[in-house]
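Structure below is model_8.pdb: PDB, C-alpha atoms, pLDDT in the B column.
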```pdb
ATOM      1  CA  MET A   1     -16.194-100.819 -83.235  1.00 46.00           C
ATOM      2  CA  GLY A   2     -19.642 -99.363 -83.686  1.00 52.00           C
ATOM      3  CA  LYS A   3     -20.342 -96.132 -85.461  1.00 50.00           C
ATOM      4  CA  SER A   4     -22.178 -93.291 -83.782  1.00 50.00           C
ATOM      5  CA  PRO A   5     -25.898 -93.836 -84.552  1.00 48.00           C
ATOM      6  CA  GLU A   6     -26.551 -90.096 -84.621  1.00 45.00           C
ATOM      7  CA  VAL A   7     -24.146 -89.712 -87.530  1.00 45.00           C
ATOM      8  CA  VAL A   8     -25.366 -92.501 -89.778  1.00 54.00           C
ATOM      9  CA  VAL A   9     -29.113 -92.779 -89.163  1.00 70.00           C
ATOM     10  CA  ASP A  10     -31.565 -90.144 -90.296  1.00 71.00           C
ATOM     11  CA  PRO A  11     -34.134 -88.861 -87.795  1.00 76.00           C
ATOM     12  CA  SER A  12     -37.281 -90.956 -87.546  1.00 84.00           C
ATOM     13  CA  PRO A  13     -40.402 -89.376 -86.049  1.00 88.00           C
ATOM     14  CA  PHE A  14     -42.048 -92.806 -85.818  1.00 89.00           C
ATOM     15  CA  ARG A  15     -39.065 -94.318 -83.988  1.00 89.00           C
ATOM     16  CA  ASP A  16     -39.107 -91.292 -81.650  1.00 88.00           C
ATOM     17  CA  LEU A  17     -42.872 -91.614 -81.089  1.00 90.00           C
ATOM     18  CA  LEU A  18     -42.415 -95.185 -79.870  1.00 92.00           C
ATOM     19  CA  GLY A  19     -39.369 -94.237 -77.806  1.00 91.00           C
ATOM     20  CA  MET A  20     -36.909 -96.515 -79.597  1.00 94.00           C
ATOM     21  CA  ARG A  21     -33.218 -95.812 -79.133  1.00 94.00           C
ATOM     22  CA  ILE A  22     -30.370 -97.040 -81.277  1.00 92.00           C
ATOM     23  CA  GLY A  23     -27.846 -98.831 -79.087  1.00 90.00           C
ATOM     24  CA  LYS A  24     -24.975-100.285 -81.095  1.00 89.00           C
ATOM     25  CA  LEU A  25     -24.717 -99.887 -84.842  1.00 89.00           C
ATOM     26  CA  GLN A  26     -21.973-101.429 -86.952  1.00 88.00           C
ATOM     27  CA  PRO A  27     -21.702-103.148 -90.337  1.00 89.00           C
ATOM     28  CA  GLY A  28     -23.994-106.155 -90.280  1.00 92.00           C
ATOM     29  CA  ARG A  29     -25.370-105.555 -86.779  1.00 95.00           C
ATOM     30  CA  ALA A  30     -27.846-103.196 -85.122  1.00 94.00           C
ATOM     31  CA  GLU A  31     -29.279-103.026 -81.609  1.00 96.00           C
ATOM     32  CA  LEU A  32     -32.397-101.093 -80.644  1.00 96.00           C
ATOM     33  CA  GLU A  33     -33.771-100.536 -77.146  1.00 97.00           C
ATOM     34  CA  LEU A  34     -37.219 -99.581 -75.931  1.00 96.00           C
ATOM     35  CA  ASP A  35     -38.643 -98.749 -72.512  1.00 97.00           C
ATOM     36  CA  ILE A  36     -42.045-100.370 -72.086  1.00 97.00           C
ATOM     37  CA  SER A  37     -44.714 -97.802 -71.264  1.00 96.00           C
ATOM     38  CA  PRO A  38     -48.495 -98.027 -70.749  1.00 95.00           C
ATOM     39  CA  THR A  39     -49.088 -96.517 -74.204  1.00 95.00           C
ATOM     40  CA  LEU A  40     -47.329 -99.503 -75.837  1.00 96.00           C
ATOM     41  CA  MET A  41     -49.456-102.186 -74.160  1.00 95.00           C
ATOM     42  CA  ASN A  42     -52.209-104.289 -75.699  1.00 95.00           C
ATOM     43  CA  PHE A  43     -55.646-104.773 -74.120  1.00 95.00           C
ATOM     44  CA  VAL A  44     -54.370-107.428 -71.682  1.00 95.00           C
ATOM     45  CA  GLY A  45     -51.477-105.342 -70.349  1.00 94.00           C
ATOM     46  CA  ARG A  46     -48.609-106.803 -72.351  1.00 96.00           C
ATOM     47  CA  LEU A  47     -46.263-105.194 -74.871  1.00 97.00           C
ATOM     48  CA  HIS A  48     -48.218-104.956 -78.134  1.00 97.00           C
ATOM     49  CA  GLY A  49     -47.111-107.387 -80.835  1.00 97.00           C
ATOM     50  CA  GLY A  50     -47.122-104.584 -83.393  1.00 97.00           C
ATOM     51  CA  VAL A  51     -44.493-102.742 -81.361  1.00 97.00           C
ATOM     52  CA  VAL A  52     -42.348-105.882 -81.259  1.00 98.00           C
ATOM     53  CA  ALA A  53     -42.800-106.363 -85.021  1.00 98.00           C
ATOM     54  CA  THR A  54     -41.729-102.743 -85.568  1.00 97.00           C
ATOM     55  CA  LEU A  55     -38.607-103.313 -83.450  1.00 97.00           C
ATOM     56  CA  ILE A  56     -37.792-106.363 -85.569  1.00 98.00           C
ATOM     57  CA  ASP A  57     -38.326-104.470 -88.823  1.00 97.00           C
ATOM     58  CA  MET A  58     -36.204-101.490 -87.769  1.00 95.00           C
ATOM     59  CA  ALA A  59     -33.358-103.614 -86.363  1.00 96.00           C
ATOM     60  CA  GLY A  60     -33.333-105.773 -89.500  1.00 96.00           C
ATOM     61  CA  THR A  61     -33.272-102.705 -91.718  1.00 94.00           C
ATOM     62  CA  LEU A  62     -30.521-100.986 -89.745  1.00 92.00           C
ATOM     63  CA  ALA A  63     -28.354-104.130 -89.791  1.00 93.00           C
ATOM     64  CA  GLY A  64     -27.779-103.399 -93.482  1.00 91.00           C
ATOM     65  CA  TYR A  65     -27.195 -99.637 -93.189  1.00 85.00           C
ATOM     66  CA  CYS A  66     -23.480 -99.455 -92.424  1.00 76.00           C
ATOM     67  CA  LEU A  67     -21.185-100.657 -95.152  1.00 69.00           C
ATOM     68  CA  PRO A  68     -18.038-102.584 -94.157  1.00 69.00           C
ATOM     69  CA  ASP A  69     -14.773-100.614 -94.295  1.00 68.00           C
ATOM     70  CA  SER A  70     -16.589 -97.390 -95.200  1.00 68.00           C
ATOM     71  CA  ASP A  71     -18.239 -94.371 -93.642  1.00 69.00           C
ATOM     72  CA  GLU A  72     -20.947 -94.714 -96.272  1.00 71.00           C
ATOM     73  CA  THR A  73     -24.468 -95.850 -95.388  1.00 75.00           C
ATOM     74  CA  ARG A  74     -27.394 -97.088 -97.470  1.00 82.00           C
ATOM     75  CA  SER A  75     -31.098 -96.806 -96.869  1.00 86.00           C
ATOM     76  CA  SER A  76     -33.514 -99.609 -97.673  1.00 92.00           C
ATOM     77  CA  VAL A  77     -37.142-100.656 -97.773  1.00 94.00           C
ATOM     78  CA  THR A  78     -38.744-103.806 -96.411  1.00 96.00           C
ATOM     79  CA  LEU A  79     -39.779-106.434 -98.969  1.00 97.00           C
ATOM     80  CA  SER A  80     -40.963-109.094 -96.516  1.00 98.00           C
ATOM     81  CA  LEU A  81     -41.107-109.593 -92.767  1.00 98.00           C
ATOM     82  CA  THR A  82     -41.823-112.658 -90.647  1.00 98.00           C
ATOM     83  CA  VAL A  83     -42.342-112.472 -86.884  1.00 98.00           C
ATOM     84  CA  GLY A  84     -42.580-115.276 -84.345  1.00 98.00           C
ATOM     85  CA  PHE A  85     -43.458-114.692 -80.708  1.00 98.00           C
ATOM     86  CA  THR A  86     -41.903-116.868 -78.015  1.00 97.00           C
ATOM     87  CA  GLY A  87     -42.849-114.846 -74.930  1.00 95.00           C
ATOM     88  CA  THR A  88     -44.040-111.471 -73.760  1.00 94.00           C
ATOM     89  CA  ALA A  89     -42.998-108.511 -71.666  1.00 95.00           C
ATOM     90  CA  THR A  90     -45.023-106.336 -69.316  1.00 94.00           C
ATOM     91  CA  SER A  91     -42.497-103.881 -67.909  1.00 95.00           C
ATOM     92  CA  GLY A  92     -38.899-102.731 -68.073  1.00 96.00           C
ATOM     93  CA  LYS A  93     -36.978-102.642 -71.334  1.00 97.00           C
ATOM     94  CA  VAL A  94     -36.749-104.731 -74.470  1.00 98.00           C
ATOM     95  CA  ARG A  95     -33.783-105.021 -76.809  1.00 98.00           C
ATOM     96  CA  ALA A  96     -33.723-106.079 -80.459  1.00 98.00           C
ATOM     97  CA  VAL A  97     -30.524-107.422 -82.041  1.00 98.00           C
ATOM     98  CA  GLY A  98     -30.484-107.488 -85.842  1.00 97.00           C
ATOM     99  CA  LEU A  99     -27.871-109.310 -87.909  1.00 97.00           C
ATOM    100  CA  LYS A 100     -27.440-108.999 -91.661  1.00 96.00           C
ATOM    101  CA  ARG A 101     -27.176-112.588 -92.863  1.00 96.00           C
ATOM    102  CA  GLY A 102     -26.412-112.120 -96.527  1.00 93.00           C
ATOM    103  CA  GLY A 103     -27.417-110.544 -99.751  1.00 91.00           C
ATOM    104  CA  GLY A 104     -26.154-108.912-102.890  1.00 91.00           C
ATOM    105  CA  ARG A 105     -25.940-105.480-104.473  1.00 90.00           C
ATOM    106  CA  LYS A 106     -29.648-104.680-104.086  1.00 94.00           C
ATOM    107  CA  ILE A 107     -31.268-107.135-101.661  1.00 96.00           C
ATOM    108  CA  TYR A 108     -30.214-108.428 -98.239  1.00 96.00           C
ATOM    109  CA  ASN A 109     -31.637-110.564 -95.437  1.00 97.00           C
ATOM    110  CA  SER A 110     -31.538-110.024 -91.683  1.00 98.00           C
ATOM    111  CA  THR A 111     -32.553-112.006 -88.654  1.00 98.00           C
ATOM    112  CA  VAL A 112     -33.568-110.345 -85.403  1.00 98.00           C
ATOM    113  CA  ASP A 113     -33.965-111.550 -81.811  1.00 98.00           C
ATOM    114  CA  VAL A 114     -35.903-109.527 -79.233  1.00 98.00           C
ATOM    115  CA  PHE A 115     -35.120-109.934 -75.520  1.00 98.00           C
ATOM    116  CA  ASP A 116     -36.771-108.661 -72.353  1.00 97.00           C
ATOM    117  CA  GLU A 117     -34.726-106.980 -69.632  1.00 94.00           C
ATOM    118  CA  ASN A 118     -33.789-110.411 -68.196  1.00 96.00           C
ATOM    119  CA  ASP A 119     -32.346-111.449 -71.595  1.00 97.00           C
ATOM    120  CA  THR A 120     -35.220-113.863 -72.156  1.00 97.00           C
ATOM    121  CA  LEU A 121     -36.060-114.282 -75.822  1.00 98.00           C
ATOM    122  CA  ILE A 122     -39.578-112.951 -76.499  1.00 98.00           C
ATOM    123  CA  ALA A 123     -39.625-112.858 -80.315  1.00 98.00           C
ATOM    124  CA  THR A 124     -37.647-113.635 -83.441  1.00 98.00           C
ATOM    125  CA  GLY A 125     -37.976-112.327 -86.954  1.00 98.00           C
ATOM    126  CA  GLN A 126     -36.559-112.409 -90.420  1.00 98.00           C
ATOM    127  CA  GLY A 127     -36.734-109.720 -93.061  1.00 98.00           C
ATOM    128  CA  THR A 128     -35.779-109.194 -96.650  1.00 98.00           C
ATOM    129  CA  TYR A 129     -34.827-105.631 -97.610  1.00 97.00           C
ATOM    130  CA  ARG A 130     -33.986-103.767-100.829  1.00 96.00           C
ATOM    131  CA  TYR A 131     -31.450-100.967-100.904  1.00 93.00           C
ATOM    132  CA  THR A 132     -32.893 -97.721-102.267  1.00 90.00           C
TER     133      THR A 132
END
```

Translate the structure of the given file into structure tokens.
Amino acid sequence: MGKSPEVVVDPSPFRDLLGMRIGKLQPGRAELELDISPTLMNFVGRLHGGVVATLIDMAGTLAGYCLPDSDETRSSVTLSLTVGFTGTATSGKVRAVGLKRGGGRKIYNSTVDVFDENDTLIATGQGTYRYT
């Protein structure tokens, strides 16, 4: 079962500015949601790629926050991030699903898929993170 995101994740003014919400959060998995608004669009009226990259980074980071069989959490910083776009979104909601794929005591890797409100894949990403 997922842990309550309000308990384990510190406040983030940047996440709040973009309107991102933490959906499910459990060891090795994190889901973020975002309502698309006019302020998040690029110059051709589509969700800005930087917003999608931020979703990928945050979901990948949060996938490593909750420790298995523990109420303990760990914060981390991004070491590398790769983003690939497969589509776009212009309205509705988007959802990022991050999965911790492996790692050791200090460094871990996550993959993230981003879907539009019709569950169509619009981007994928991979990140490497270091626990702080």

Q: On this file, the PyMOL selection byres ((chain A and resi 98) around 8) gives some set of residues; write that set as a ChimeraX atom specification.
A: /A:28-31,56,59-60,62-63,96-97,99-100,110-113

Q: Would you translate the PyMOL selection byres ((chain A and resi 32) around 6) into the concrete set of residues it matches in this file, as a PyMOL selection string?
A: chain A and resi 21-23+31+33+95-96

Build an axis-aligned box that encloses every atom of range 97-116 of chain A listed in the file, pad it by 6 Å on each side, and report its centre and edge lengths in Å to one decimal, as AutoDock Vina command-line options.
```
--center_x -31.4 --center_y -108.6 --center_z -88.4 --size_x 22.8 --size_y 19.9 --size_z 44.1
```

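Restricting the calculation to only C-alpha atoms, the smallest distance between Met58 in chain A and any of A:Thr88, A:Ser37, A:Thr132, A:Ser75 is found for A:Ser75.
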
Q: Can you give me, as a list in words, the residues this file yields under the PyMOL selection byres ((chain A and resi 15) around 12)?
A: Val9, Asp10, Pro11, Ser12, Pro13, Phe14, Asp16, Leu17, Leu18, Gly19, Met20, Arg21, Ile22, Leu32, Glu33, Leu34, Val51, Thr54, Leu55, Asp57, Met58 and Ala59 of chain A

Based on the selection just made, write C-alpha atoms of those residues as an mmCIF file, in the frame of the given file.
```cif
data_model
loop_
_atom_site.group_PDB
_atom_site.id
_atom_site.type_symbol
_atom_site.label_atom_id
_atom_site.label_comp_id
_atom_site.auth_asym_id
_atom_site.auth_seq_id
_atom_site.Cartn_x
_atom_site.Cartn_y
_atom_site.Cartn_z
ATOM 1 C CA VAL A 9 -29.113 -92.779 -89.163
ATOM 2 C CA ASP A 10 -31.565 -90.144 -90.296
ATOM 3 C CA PRO A 11 -34.134 -88.861 -87.795
ATOM 4 C CA SER A 12 -37.281 -90.956 -87.546
ATOM 5 C CA PRO A 13 -40.402 -89.376 -86.049
ATOM 6 C CA PHE A 14 -42.048 -92.806 -85.818
ATOM 7 C CA ASP A 16 -39.107 -91.292 -81.650
ATOM 8 C CA LEU A 17 -42.872 -91.614 -81.089
ATOM 9 C CA LEU A 18 -42.415 -95.185 -79.870
ATOM 10 C CA GLY A 19 -39.369 -94.237 -77.806
ATOM 11 C CA MET A 20 -36.909 -96.515 -79.597
ATOM 12 C CA ARG A 21 -33.218 -95.812 -79.133
ATOM 13 C CA ILE A 22 -30.370 -97.040 -81.277
ATOM 14 C CA LEU A 32 -32.397 -101.093 -80.644
ATOM 15 C CA GLU A 33 -33.771 -100.536 -77.146
ATOM 16 C CA LEU A 34 -37.219 -99.581 -75.931
ATOM 17 C CA VAL A 51 -44.493 -102.742 -81.361
ATOM 18 C CA THR A 54 -41.729 -102.743 -85.568
ATOM 19 C CA LEU A 55 -38.607 -103.313 -83.450
ATOM 20 C CA ASP A 57 -38.326 -104.470 -88.823
ATOM 21 C CA MET A 58 -36.204 -101.490 -87.769
ATOM 22 C CA ALA A 59 -33.358 -103.614 -86.363
#
```

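Interatomic distance, CA of Arg74 in chain A against CA of Gly104 in chain A: 13.1 Å.
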
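Between Thr73 in chain A and the candidates A:Gly45, A:Gly87, A:Thr61, A:Gly103, the tightest atom-to-atom separation, counting only C-alpha atoms, involves A:Thr61.
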